[in-house]
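**Student:** So here's input37.txt, just compact mmCIF, C-alpha atoms:
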# COMPACT_ATOMS: atom_id res chain seq x y z
CA THR A 1 -8.97 43.42 48.43
CA ASP A 2 -11.60 46.02 47.57
CA ASP A 3 -14.54 45.52 49.94
CA ALA A 4 -17.42 46.72 47.77
CA PHE A 5 -19.79 46.52 50.76
CA LYS A 6 -17.63 48.13 53.43
CA GLY A 7 -19.64 48.73 56.60
CA ARG A 8 -22.62 46.69 55.38
CA HIS A 9 -23.81 43.43 56.92
CA PHE A 10 -26.28 40.84 55.68
CA ASP A 11 -28.69 38.13 56.80
CA PHE A 12 -27.28 35.61 54.32
CA GLY A 13 -24.20 35.15 52.16
CA MET A 14 -22.99 32.52 49.69
CA SER A 15 -19.71 31.93 47.90
CA ASN A 16 -17.98 29.37 45.74
CA PRO A 17 -14.43 30.77 45.62
CA PRO A 18 -11.77 29.45 43.28
CA TYR A 19 -9.82 26.55 44.79
CA GLY A 20 -6.08 26.84 45.24
CA VAL A 21 -5.81 30.28 43.66
CA ASP A 22 -2.79 32.17 44.80
CA TRP A 23 -3.23 35.63 46.32
CA LYS A 24 0.43 36.70 46.43
CA GLN A 25 -0.26 39.78 44.30
CA TYR A 26 -2.76 40.97 46.94
CA ALA A 27 -0.77 39.93 50.02
CA LYS A 28 0.58 43.41 50.73
CA ALA A 29 -2.90 45.01 50.64
CA VAL A 30 -4.53 42.20 52.67
CA THR A 31 -1.78 42.27 55.30
CA LYS A 32 -1.99 46.07 55.50
CA GLU A 33 -5.77 45.92 55.97
CA ARG A 34 -5.40 43.27 58.69
CA ASP A 35 -2.75 45.28 60.53
CA GLU A 36 -4.66 48.58 60.30
CA ALA A 37 -8.06 47.11 61.28
CA GLY A 38 -6.68 45.31 64.33
CA PRO A 39 -8.68 42.65 66.18
CA TYR A 40 -12.01 43.64 64.61
CA GLY A 41 -11.02 43.51 60.94
CA ARG A 42 -12.19 40.85 58.55
CA PHE A 43 -8.76 39.19 58.41
CA ALA A 44 -7.91 39.49 62.13
CA PRO A 45 -8.15 35.73 62.90
CA GLY A 46 -5.23 34.93 60.58
CA LEU A 47 -4.09 34.65 57.00
CA PRO A 48 -3.87 31.41 55.04
CA ALA A 49 -0.92 30.49 52.84
CA THR A 50 -0.66 32.80 49.83
CA SER A 51 -1.01 29.71 47.62
CA ASP A 52 -4.72 29.34 48.45
CA GLY A 53 -7.14 32.20 49.14
CA GLN A 54 -10.31 30.23 49.98
CA MET A 55 -10.11 31.10 53.66
CA LEU A 56 -9.97 34.81 52.78
CA PHE A 57 -13.41 34.40 51.17
CA LEU A 58 -14.62 32.59 54.30
CA LEU A 59 -13.33 35.36 56.58
CA HIS A 60 -14.90 38.00 54.35
CA LEU A 61 -18.28 36.25 54.53
CA ALA A 62 -18.02 35.81 58.31
CA ASP A 63 -17.29 39.53 58.64
CA LYS A 64 -20.34 40.39 56.50
CA MET A 65 -22.85 38.56 58.73
CA ARG A 66 -25.35 40.80 60.49
CA ALA A 67 -24.50 41.12 64.19
CA PRO A 68 -26.28 38.67 66.53
CA GLU A 69 -27.98 41.55 68.37
CA ASP A 70 -29.45 42.65 65.00
CA GLY A 71 -30.80 39.18 64.19
CA GLY A 72 -27.53 37.53 63.16
CA GLY A 73 -26.49 36.01 59.88
CA ARG A 74 -25.74 32.75 58.15
CA VAL A 75 -23.42 31.98 55.27
CA GLY A 76 -22.63 29.01 53.07
CA ILE A 77 -19.36 28.54 51.23
CA VAL A 78 -18.24 25.70 48.96
CA MET A 79 -14.57 24.81 49.36
CA ASN A 80 -12.21 21.93 48.73
CA GLY A 81 -10.52 20.04 51.57
CA SER A 82 -7.58 22.41 51.87
CA PRO A 83 -9.18 24.71 54.51
CA LEU A 84 -10.10 21.66 56.60
CA PHE A 85 -6.80 19.85 56.49
CA SER A 86 -3.97 22.25 55.59
CA GLY A 87 -1.58 24.02 57.90
CA GLY A 88 0.19 22.94 61.03
CA ALA A 89 -0.41 24.25 64.55
CA ALA A 90 -0.25 28.05 64.79
CA SER A 91 -0.39 28.43 60.99
CA GLY A 92 -2.84 30.85 59.41
CA TYR A 93 -5.19 27.98 58.55
CA SER A 94 -5.03 26.64 62.09
CA GLU A 95 -5.60 30.07 63.65
CA ILE A 96 -8.63 30.71 61.42
CA ARG A 97 -10.12 27.29 62.28
CA ARG A 98 -9.45 27.91 65.98
CA TRP A 99 -11.17 31.31 65.79
CA LEU A 100 -14.17 29.77 64.03
CA MET A 101 -14.50 27.14 66.77
CA GLU A 102 -13.93 29.56 69.65
CA THR A 103 -16.60 31.92 68.29
CA ASP A 104 -18.89 28.90 67.75
CA MET A 105 -19.56 30.03 64.20
CA VAL A 106 -19.34 26.69 62.34
CA GLU A 107 -22.83 25.24 62.24
CA ALA A 108 -22.25 22.41 59.77
CA ILE A 109 -19.80 21.00 57.25
CA ILE A 110 -21.29 18.91 54.48
CA ALA A 111 -19.05 16.57 52.46
CA LEU A 112 -20.26 16.47 48.85
CA PRO A 113 -19.69 13.74 46.26
CA THR A 114 -16.74 13.99 43.91
CA ASP A 115 -17.33 14.83 40.25
CA ILE A 116 -20.21 17.28 40.77
CA PHE A 117 -18.43 20.39 39.44
CA TYR A 118 -17.51 21.09 35.81
CA ASN A 119 -13.79 21.74 36.13
CA THR A 120 -12.74 19.45 38.94
CA GLY A 121 -13.37 15.98 40.27
CA ILE A 122 -12.00 16.72 43.75
CA GLN A 123 -13.85 16.36 47.05
CA THR A 124 -15.73 19.51 48.03
CA TYR A 125 -17.44 20.64 51.22
CA ILE A 126 -20.12 23.16 52.09
CA TRP A 127 -19.36 25.08 55.26
CA ILE A 128 -22.39 26.62 56.96
CA LEU A 129 -21.48 29.43 59.35
CA SER A 130 -23.90 31.16 61.68
CA ASN A 131 -23.66 33.64 64.50
CA ARG A 132 -27.24 32.88 65.53
CA LYS A 133 -27.17 29.19 66.35
CA PRO A 134 -30.20 27.87 68.20
CA GLU A 135 -29.50 26.93 71.82
CA GLU A 136 -29.51 23.17 71.08
CA ARG A 137 -26.74 23.60 68.44
CA ARG A 138 -24.43 25.83 70.47
CA GLY A 139 -21.02 24.33 71.06
CA LYS A 140 -21.59 21.74 68.34
CA VAL A 141 -20.59 21.30 64.70
CA GLN A 142 -22.77 19.05 62.58
CA LEU A 143 -20.82 16.89 60.12
CA ILE A 144 -22.87 15.50 57.24
CA ASP A 145 -21.41 12.95 54.85
CA ALA A 146 -23.40 13.46 51.65
CA SER A 147 -20.68 11.90 49.50
CA GLY A 148 -22.16 8.41 49.42
CA GLU A 149 -24.00 6.85 46.49
CA ARG A 150 -27.45 7.52 47.94
CA PHE A 151 -26.83 11.27 47.55
CA TRP A 152 -25.88 11.41 43.89
CA GLN A 153 -26.89 10.07 40.53
CA SER A 154 -24.82 9.56 37.41
CA MET A 155 -25.46 12.02 34.63
CA ARG A 156 -26.47 10.66 31.24
CA LYS A 157 -23.80 12.81 29.59
CA SER A 158 -20.68 14.08 31.36
CA LEU A 159 -19.85 17.77 31.26
CA GLY A 160 -16.08 17.80 31.62
CA SER A 161 -15.31 16.45 35.10
CA LYS A 162 -18.96 16.75 36.10
CA ARG A 163 -20.30 13.21 35.96
CA ARG A 164 -22.61 13.26 38.97
CA ALA A 165 -25.55 15.33 40.13
CA ILE A 166 -27.38 15.65 43.40
CA GLY A 167 -31.04 14.92 42.75
CA ASP A 168 -34.08 16.52 44.37
CA ASP A 169 -34.63 13.56 46.71
CA ALA A 170 -31.01 13.69 47.85
CA ARG A 171 -31.22 17.45 48.47
CA ALA A 172 -34.34 16.89 50.55
CA GLU A 173 -32.53 14.16 52.52
CA ILE A 174 -29.54 16.43 53.21
CA VAL A 175 -31.88 19.18 54.43
CA ARG A 176 -33.75 16.67 56.63
CA ILE A 177 -30.48 15.48 58.18
CA TYR A 178 -29.35 19.06 58.72
CA GLU A 179 -32.61 20.02 60.41
CA GLU A 180 -32.63 17.04 62.81
Transcribe the structure of this file into structure tokens.
**Tutor:**
Amino acid sequence: TDDAFKGRHFDFGMSNPPYGVDWKQYAKAVTKERDEAGPYGRFAPGLPATSDGQMLFLLHLADKMRAPEDGGGRVGIVMNGSPLFSGGAASGYSEIRRWLMETDMVEAIIALPTDIFYNTGIQTYIWILSNRKPEERRGKVQLIDASGERFWQSMRKSLGSKRRAIGDDARAEIVRIYEE
């Protein structure tokens, strides 16, 4: 709720917000900020369910990208499947996804293998947003399935739910696919 970089914009941003964390205690402040800022505020596109604040992080990062006329920006955010699949038509989730598509900001979504994070074995995704897409990528969203066996290796010793790792060769392959 407290934008520590109010009025500042950046070339790049990264985030790995907590999954499924409720933001009810901040709802009044977030809603007030959205209402006062109007159509140009960081939460203008919509508000997700108060049971999961991941999309608030995504909207915050999108708002922090340098303007296209100043060179633009790109952000990466790791999220679970909730922001992709939750919410019916006209819900906060749906309105945020619609805004992201209408502004052509989603550059790629990369599906990661399960069991690569310490505290969860759930499916995760990296969303890459950009407001400076090259001409050949405009109007398109690249979907990369990096969840298959060729992209991960088993760890010799598990660390909680983390039983898999993405090796250097797999990272290089994901980057190659992304750059095609």
**Student:** Using all atoms listed in the file, list the residues that have an atom at most 12 Å from (-30.4, 8.7, 38.6), coordinates as in the file, as a compact mmCIF listing (two decimals) with C-alpha atoms, keeping the file's coordinate frame.
**Tutor:**
# COMPACT_ATOMS: atom_id res chain seq x y z
CA GLU A 149 -24.00 6.85 46.49
CA ARG A 150 -27.45 7.52 47.94
CA PHE A 151 -26.83 11.27 47.55
CA TRP A 152 -25.88 11.41 43.89
CA GLN A 153 -26.89 10.07 40.53
CA SER A 154 -24.82 9.56 37.41
CA MET A 155 -25.46 12.02 34.63
CA ARG A 156 -26.47 10.66 31.24
CA LYS A 157 -23.80 12.81 29.59
CA ARG A 163 -20.30 13.21 35.96
CA ARG A 164 -22.61 13.26 38.97
CA ALA A 165 -25.55 15.33 40.13
CA ILE A 166 -27.38 15.65 43.40
CA GLY A 167 -31.04 14.92 42.75
CA ASP A 168 -34.08 16.52 44.37
CA ASP A 169 -34.63 13.56 46.71
CA ALA A 170 -31.01 13.69 47.85
**Student:** What is the distance, in Å and to one decimal place, between CA of Gly76 in chain A and CA of Lys64 in chain A?
**Tutor:** 12.1 Å
**Student:** Would you list the contacts of range 138-147 of chain A as an mmCIF file with C-alpha atoms, in the frame of the given file, taking every protein, DNA or RNA residue within 10 Å and counting all atoms listed in the file, but skipping same-chain residues closer than 6 positions in sequence?
**Tutor:**
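part28.cif written:
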data_model
loop_
_atom_site.group_PDB
_atom_site.id
_atom_site.type_symbol
_atom_site.label_atom_id
_atom_site.label_comp_id
_atom_site.auth_asym_id
_atom_site.auth_seq_id
_atom_site.Cartn_x
_atom_site.Cartn_y
_atom_site.Cartn_z
ATOM 1 C CA MET A 101 -14.500 27.140 66.770
ATOM 2 C CA GLU A 102 -13.930 29.560 69.650
ATOM 3 C CA THR A 103 -16.600 31.920 68.290
ATOM 4 C CA ASP A 104 -18.890 28.900 67.750
ATOM 5 C CA MET A 105 -19.560 30.030 64.200
ATOM 6 C CA VAL A 106 -19.340 26.690 62.340
ATOM 7 C CA GLU A 107 -22.830 25.240 62.240
ATOM 8 C CA ALA A 108 -22.250 22.410 59.770
ATOM 9 C CA ILE A 109 -19.800 21.000 57.250
ATOM 10 C CA ILE A 110 -21.290 18.910 54.480
ATOM 11 C CA ALA A 111 -19.050 16.570 52.460
ATOM 12 C CA LEU A 112 -20.260 16.470 48.850
ATOM 13 C CA PRO A 113 -19.690 13.740 46.260
ATOM 14 C CA THR A 114 -16.740 13.990 43.910
ATOM 15 C CA GLN A 123 -13.850 16.360 47.050
ATOM 16 C CA THR A 124 -15.730 19.510 48.030
ATOM 17 C CA TYR A 125 -17.440 20.640 51.220
ATOM 18 C CA ILE A 126 -20.120 23.160 52.090
ATOM 19 C CA TRP A 127 -19.360 25.080 55.260
ATOM 20 C CA ILE A 128 -22.390 26.620 56.960
ATOM 21 C CA LEU A 129 -21.480 29.430 59.350
ATOM 22 C CA ASN A 131 -23.660 33.640 64.500
ATOM 23 C CA ARG A 132 -27.240 32.880 65.530
ATOM 24 C CA ILE A 166 -27.380 15.650 43.400
ATOM 25 C CA ALA A 170 -31.010 13.690 47.850
ATOM 26 C CA ARG A 171 -31.220 17.450 48.470
ATOM 27 C CA GLU A 173 -32.530 14.160 52.520
ATOM 28 C CA ILE A 174 -29.540 16.430 53.210
ATOM 29 C CA ILE A 177 -30.480 15.480 58.180
ATOM 30 C CA TYR A 178 -29.350 19.060 58.720
#
**Student:** Just give me the gap between CA of Arg137 in chain A and CA of Phe57 in chain A in Å, one decimal is fine.
**Tutor:**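 Calculated distance between CA of Arg137 in chain A and CA of Phe57 in chain A is 24.3 Å.
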**Student:** Please indicate the distance in Å from CA of Trp99 in chain A to CA of Ala62 in chain A, rounded to one decimal place.
**Tutor:**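 Going from CA of Trp99 in chain A over to CA of Ala62 in chain A covers 11.1 Å.
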**Student:** Restricting the calculation to only C-alpha atoms: of A:Glu136, A:Asp2, A:Asp22, A:Asp11, which residue gets closest to Gly73 in chain A?
**Tutor:**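 Using only C-alpha atoms, Gly73 in chain A sits closest to A:Asp11.
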**Student:** Have a look at A:Asp3, A:Pro17, A:Gly38, A:Val30 and name the one nearest to Val78 in chain A; count all atoms listed in the file.
**Tutor:**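 The closest residue to Val78 in chain A is A:Pro17.
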**Student:** Point out the residue among A:His60, A:Lys162, A:Arg66, A:His9 with the least atom-to-atom distance to Arg34 in chain A, counting only C-alpha atoms.
**Tutor:**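 For Arg34 in chain A, the nearest of the candidates is A:His60.
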**Student:** Set the distance at 7 Å and use all atoms listed in the file: which residues neighbour Phe12 in chain A once local chain neighbours fewer than 4 positions away are removed? I'd like the list as a PyMOL selection string.
**Tutor:** chain A and resi 65+73-75
**Student:** Find, counting all atoms listed in the file, the residue in A:Ile122, A:Leu56, A:Pro45, A:Met79 that gets nearest to Ile96 in chain A.
**Tutor:**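 Among the listed residues, the smallest separation from Ile96 in chain A belongs to A:Pro45.
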**Student:** List every protein, DNA or RNA residue that has an atom no more than 7 Å from (-19.4, 18.4, 36.5) in the file's coordinate frame, counting only C-alpha atoms, and report them as an NGL selection string.
**Tutor:** :A and (115-119 or 158-164)
**Student:** Of the candidates A:Leu59, A:Thr31, A:Glu36, A:Ala49, which one gets nearest to Gly88 in chain A if we count all atoms listed in the file?
**Tutor:** A:Ala49
**Student:** Let me make sure I understand: among A:Glu179, A:Asp35, A:Asp52, A:Glu135, which one has the smallest atom-to-atom distance to Pro18 in chain A if we use all atoms listed in the file?
**Tutor:**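 When distances to Pro18 in chain A are compared using all atoms listed in the file, the smallest one comes from A:Asp52.
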